[in-house]
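> Quick one: structure below, then a few questions.
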Amino acid sequence: MFIEKSHFPGILSDIYNVNPYVLIDNLNKSEDVIFDETLNSHLAISYDAVRHILKNHNIYTTKPLAERAEPIMKGKVLAQMEGEEHRIKRHIILQQFTGNILKYYYKPKLIEIFDSLIIDLSGKDKFNFIAELGNKFAILSTFEIIGIDHSQFDWFHVRLKNILKFAIGFNLSEGTQKSSLLSAEELESAILKLIDERKISLKSDIISFILKDSEYNNIINDSDIVALTLNILLAASEPVDKVLANCIYHLYRDKNYTDKLLDGSCSHNLIIQECLRLTPPVHLIPRLIEVDSCIGGVNFRAGELIYSLIPSANRDEKYFISPSVFAPYRSYKSHLSYGAGMHVCIGAQFANMQLSIALEKLVPIINSYVEAEPPKFDGVYTRGAIEYYLKRV
Ligand code: HEM
């Protein structure tokens, strides 16, 4: 497909959803920011512009989340908070996702979850990588953080999918909105019940951690815990299966790297970070322009919306040589797939560990399977395989 440089049909055009990367590779990143008619908003396309926007949170604020996230999270999510409130709450949560807690508490649990999912699949000649492995692994891992029993997978899965439509959809019908809001209410009740249970008997999950420390009681009330819990549930379960599927997708297309992983000459992390760069799961990050400003000669007025297009920043030739090539050994590796600045992903270490555990287990068996058909990709706000069938050779 030949597309004239700089002619961009828009994020919400049909052609974009079919293969955004062809269009993104054609964007002239030195323009920094273009106007997207379909979104009726600015679109930041260069690495410098995206990093500048994400790091300047006083000019480019997370206020759009009030519409997208607050109604379904039943309160303010971390990404909406600013100043002291953000700093304190982020610190409280971050303590649960780093260092020794990750290594000694979560790692064995995640290994156990992944092993049991692989055992479930061992009798099958064909399976859907997304529904039967990646998505289950992502959600059940998140259940460990929140303290949700694995037997409740189906109940939560349906409702999470429903609220996700609200968070990442465009032009939603009234029916979809209503159903998302109903699911949000049901999730809120379930989490409030969990909080009440933990008030009687503390466990090792994040809700117990917050409740245990009376110092936090003045800072975080029950409705904050609900919002934080839903925030983590959604943020943690949505992108991870997409990255994992992308890792397998790239490894099937470049078999050299499977051999290198097997003989130890390439690390799992190099593959994961390159997958994140080339095919990030989060494509769009919205911000409200708070004051009149300017990037690369483009003037903005206060009140306008600007979206950062992460895959475009990650494919900016100014930073990445041959940006559309899967090259895990590339010298500049600092992709923006986890965001940047004060709202940079809080779960990045956790996600990297999840992905590493999964990849370590998958690489030795990957050659026993082939793609039954190429994966089906979908999504413009977040993007990934929605169906990916593998079959035994
Ligand atoms: C590969 C997996 C993941 C990717 C690509 C990803 C991506 C992102 C991005 C791009 C942001 C910034 C959003 C913004 O600036 O508006 C973000 C924020 C966030 N992520 Fe992740 N995420 C991942 C996994 C996780 C996990 C596993 C968790 C929780 C355990 C998590 C929790 C959060 C939270 C709470 C925020 C908001 C942080 C704040 O505002 O201070 N994410 N993530």
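Simple scheme: letters A, B, ... for chains in structure tokens order, numbers from 1 for residues in each chain, numbers from 1 for ligands in the order shown.
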Quick one: residues within 8 Å of Val393 (chain A), only C-alpha atoms counted, chain neighbours fewer than 5 positions away excluded, as a list in words?
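Residues near the query, excluding close chain neighbours: Ser368, Tyr369 and Val370 of chain A.
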> Deliver the residues from the most recent selection as a file, using all heavy atoms, as a compact mmCIF listing (two decimals), in the first residue's frame.

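Listed below is the output, selection-v7.txt:
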```txt
# COMPACT_ATOMS: atom_id res chain seq x y z
N SER A 368 7.03 -26.53 19.29
CA SER A 368 6.11 -27.68 19.19
C SER A 368 4.76 -27.22 18.63
O SER A 368 3.86 -28.03 18.40
CB SER A 368 5.85 -28.31 20.55
OG SER A 368 7.02 -28.42 21.26
N TYR A 369 4.61 -25.90 18.48
CA TYR A 369 3.36 -25.34 17.95
C TYR A 369 3.64 -24.45 16.75
O TYR A 369 4.76 -23.95 16.60
CB TYR A 369 2.65 -24.48 19.02
CG TYR A 369 2.15 -25.26 20.21
CD1 TYR A 369 2.98 -25.52 21.30
CD2 TYR A 369 0.86 -25.77 20.24
CE1 TYR A 369 2.54 -26.25 22.39
CE2 TYR A 369 0.40 -26.50 21.32
CZ TYR A 369 1.24 -26.73 22.40
OH TYR A 369 0.79 -27.45 23.48
N VAL A 370 2.63 -24.27 15.91
CA VAL A 370 2.71 -23.26 14.83
C VAL A 370 1.42 -22.45 14.88
O VAL A 370 0.45 -22.85 15.53
CB VAL A 370 2.84 -23.91 13.42
CG1 VAL A 370 4.22 -24.48 13.20
CG2 VAL A 370 1.75 -24.94 13.18
```
> Excluding Ile306 (chain A) and its own-chain neighbours fewer than 6 positions away, which residues fall within 6 Å of it when counting only C-alpha atoms? Please give them as a PyMOL selection string.
chain A and resi 41-43+286-287
> What does the structure give for the distance between CA of Asp120 (chain A) and CA of Gln273 (chain A), in Å to one decimal?
28.3 Å
> May I ask you to write as an mmCIF file with C-alpha atoms, in the first residue's frame all residues lying at most 6 Å from ligand 1, with only C-alpha atoms and all ligand atoms counted?

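Final file, selection12.cif:
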```cif
data_model
loop_
_atom_site.group_PDB
_atom_site.id
_atom_site.type_symbol
_atom_site.label_atom_id
_atom_site.label_comp_id
_atom_site.auth_asym_id
_atom_site.auth_seq_id
_atom_site.Cartn_x
_atom_site.Cartn_y
_atom_site.Cartn_z
ATOM 1 C CA LEU A 78 -4.334 7.465 40.177
ATOM 2 C CA ALA A 79 -3.724 8.879 36.708
ATOM 3 C CA ARG A 90 1.310 6.362 44.264
ATOM 4 C CA ASN A 231 -7.734 0.976 38.367
ATOM 5 C CA ILE A 232 -5.174 -1.764 39.026
ATOM 6 C CA ALA A 235 -4.603 -1.389 33.997
ATOM 7 C CA ALA A 236 -2.936 -4.692 34.862
ATOM 8 C CA PRO A 239 -2.160 -4.825 28.217
ATOM 9 C CA VAL A 240 -0.151 -7.838 29.427
ATOM 10 C CA VAL A 243 2.398 -7.949 24.818
ATOM 11 C CA PRO A 281 -0.464 -2.346 23.724
ATOM 12 C CA VAL A 282 -1.387 1.221 24.757
ATOM 13 C CA ILE A 285 -2.762 8.641 25.807
ATOM 14 C CA SER A 337 5.144 2.239 26.018
ATOM 15 C CA TYR A 338 4.928 2.589 29.799
ATOM 16 C CA GLY A 339 4.398 6.340 29.460
ATOM 17 C CA HIS A 343 2.081 9.110 35.620
ATOM 18 C CA VAL A 344 4.551 6.576 34.190
ATOM 19 C CA CYS A 345 3.197 3.057 34.652
ATOM 20 C CA ILE A 346 3.308 1.940 38.262
ATOM 21 C CA GLY A 347 3.119 -1.722 37.264
ATOM 22 C CA ALA A 348 6.008 -1.755 34.767
ATOM 23 C CA PHE A 350 5.381 -6.234 37.747
ATOM 24 C CA ALA A 351 4.459 -6.504 34.053
#
```
> List the spatial neighbours of Ala245 (chain A) as number ranges by chain - criterion: any atom at most 9 Å away, only C-alpha atoms, same-chain residues fewer than 2 positions off excluded.
A: 129-130, 134, 240-243, 247-250, 375, 384-385, 388
> One decimal, Å: what's the distance from CA of Asp259 (chain A) over to CA of Ile366 (chain A), could you say?
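Computing it gives 10.7 Å between the two atoms.
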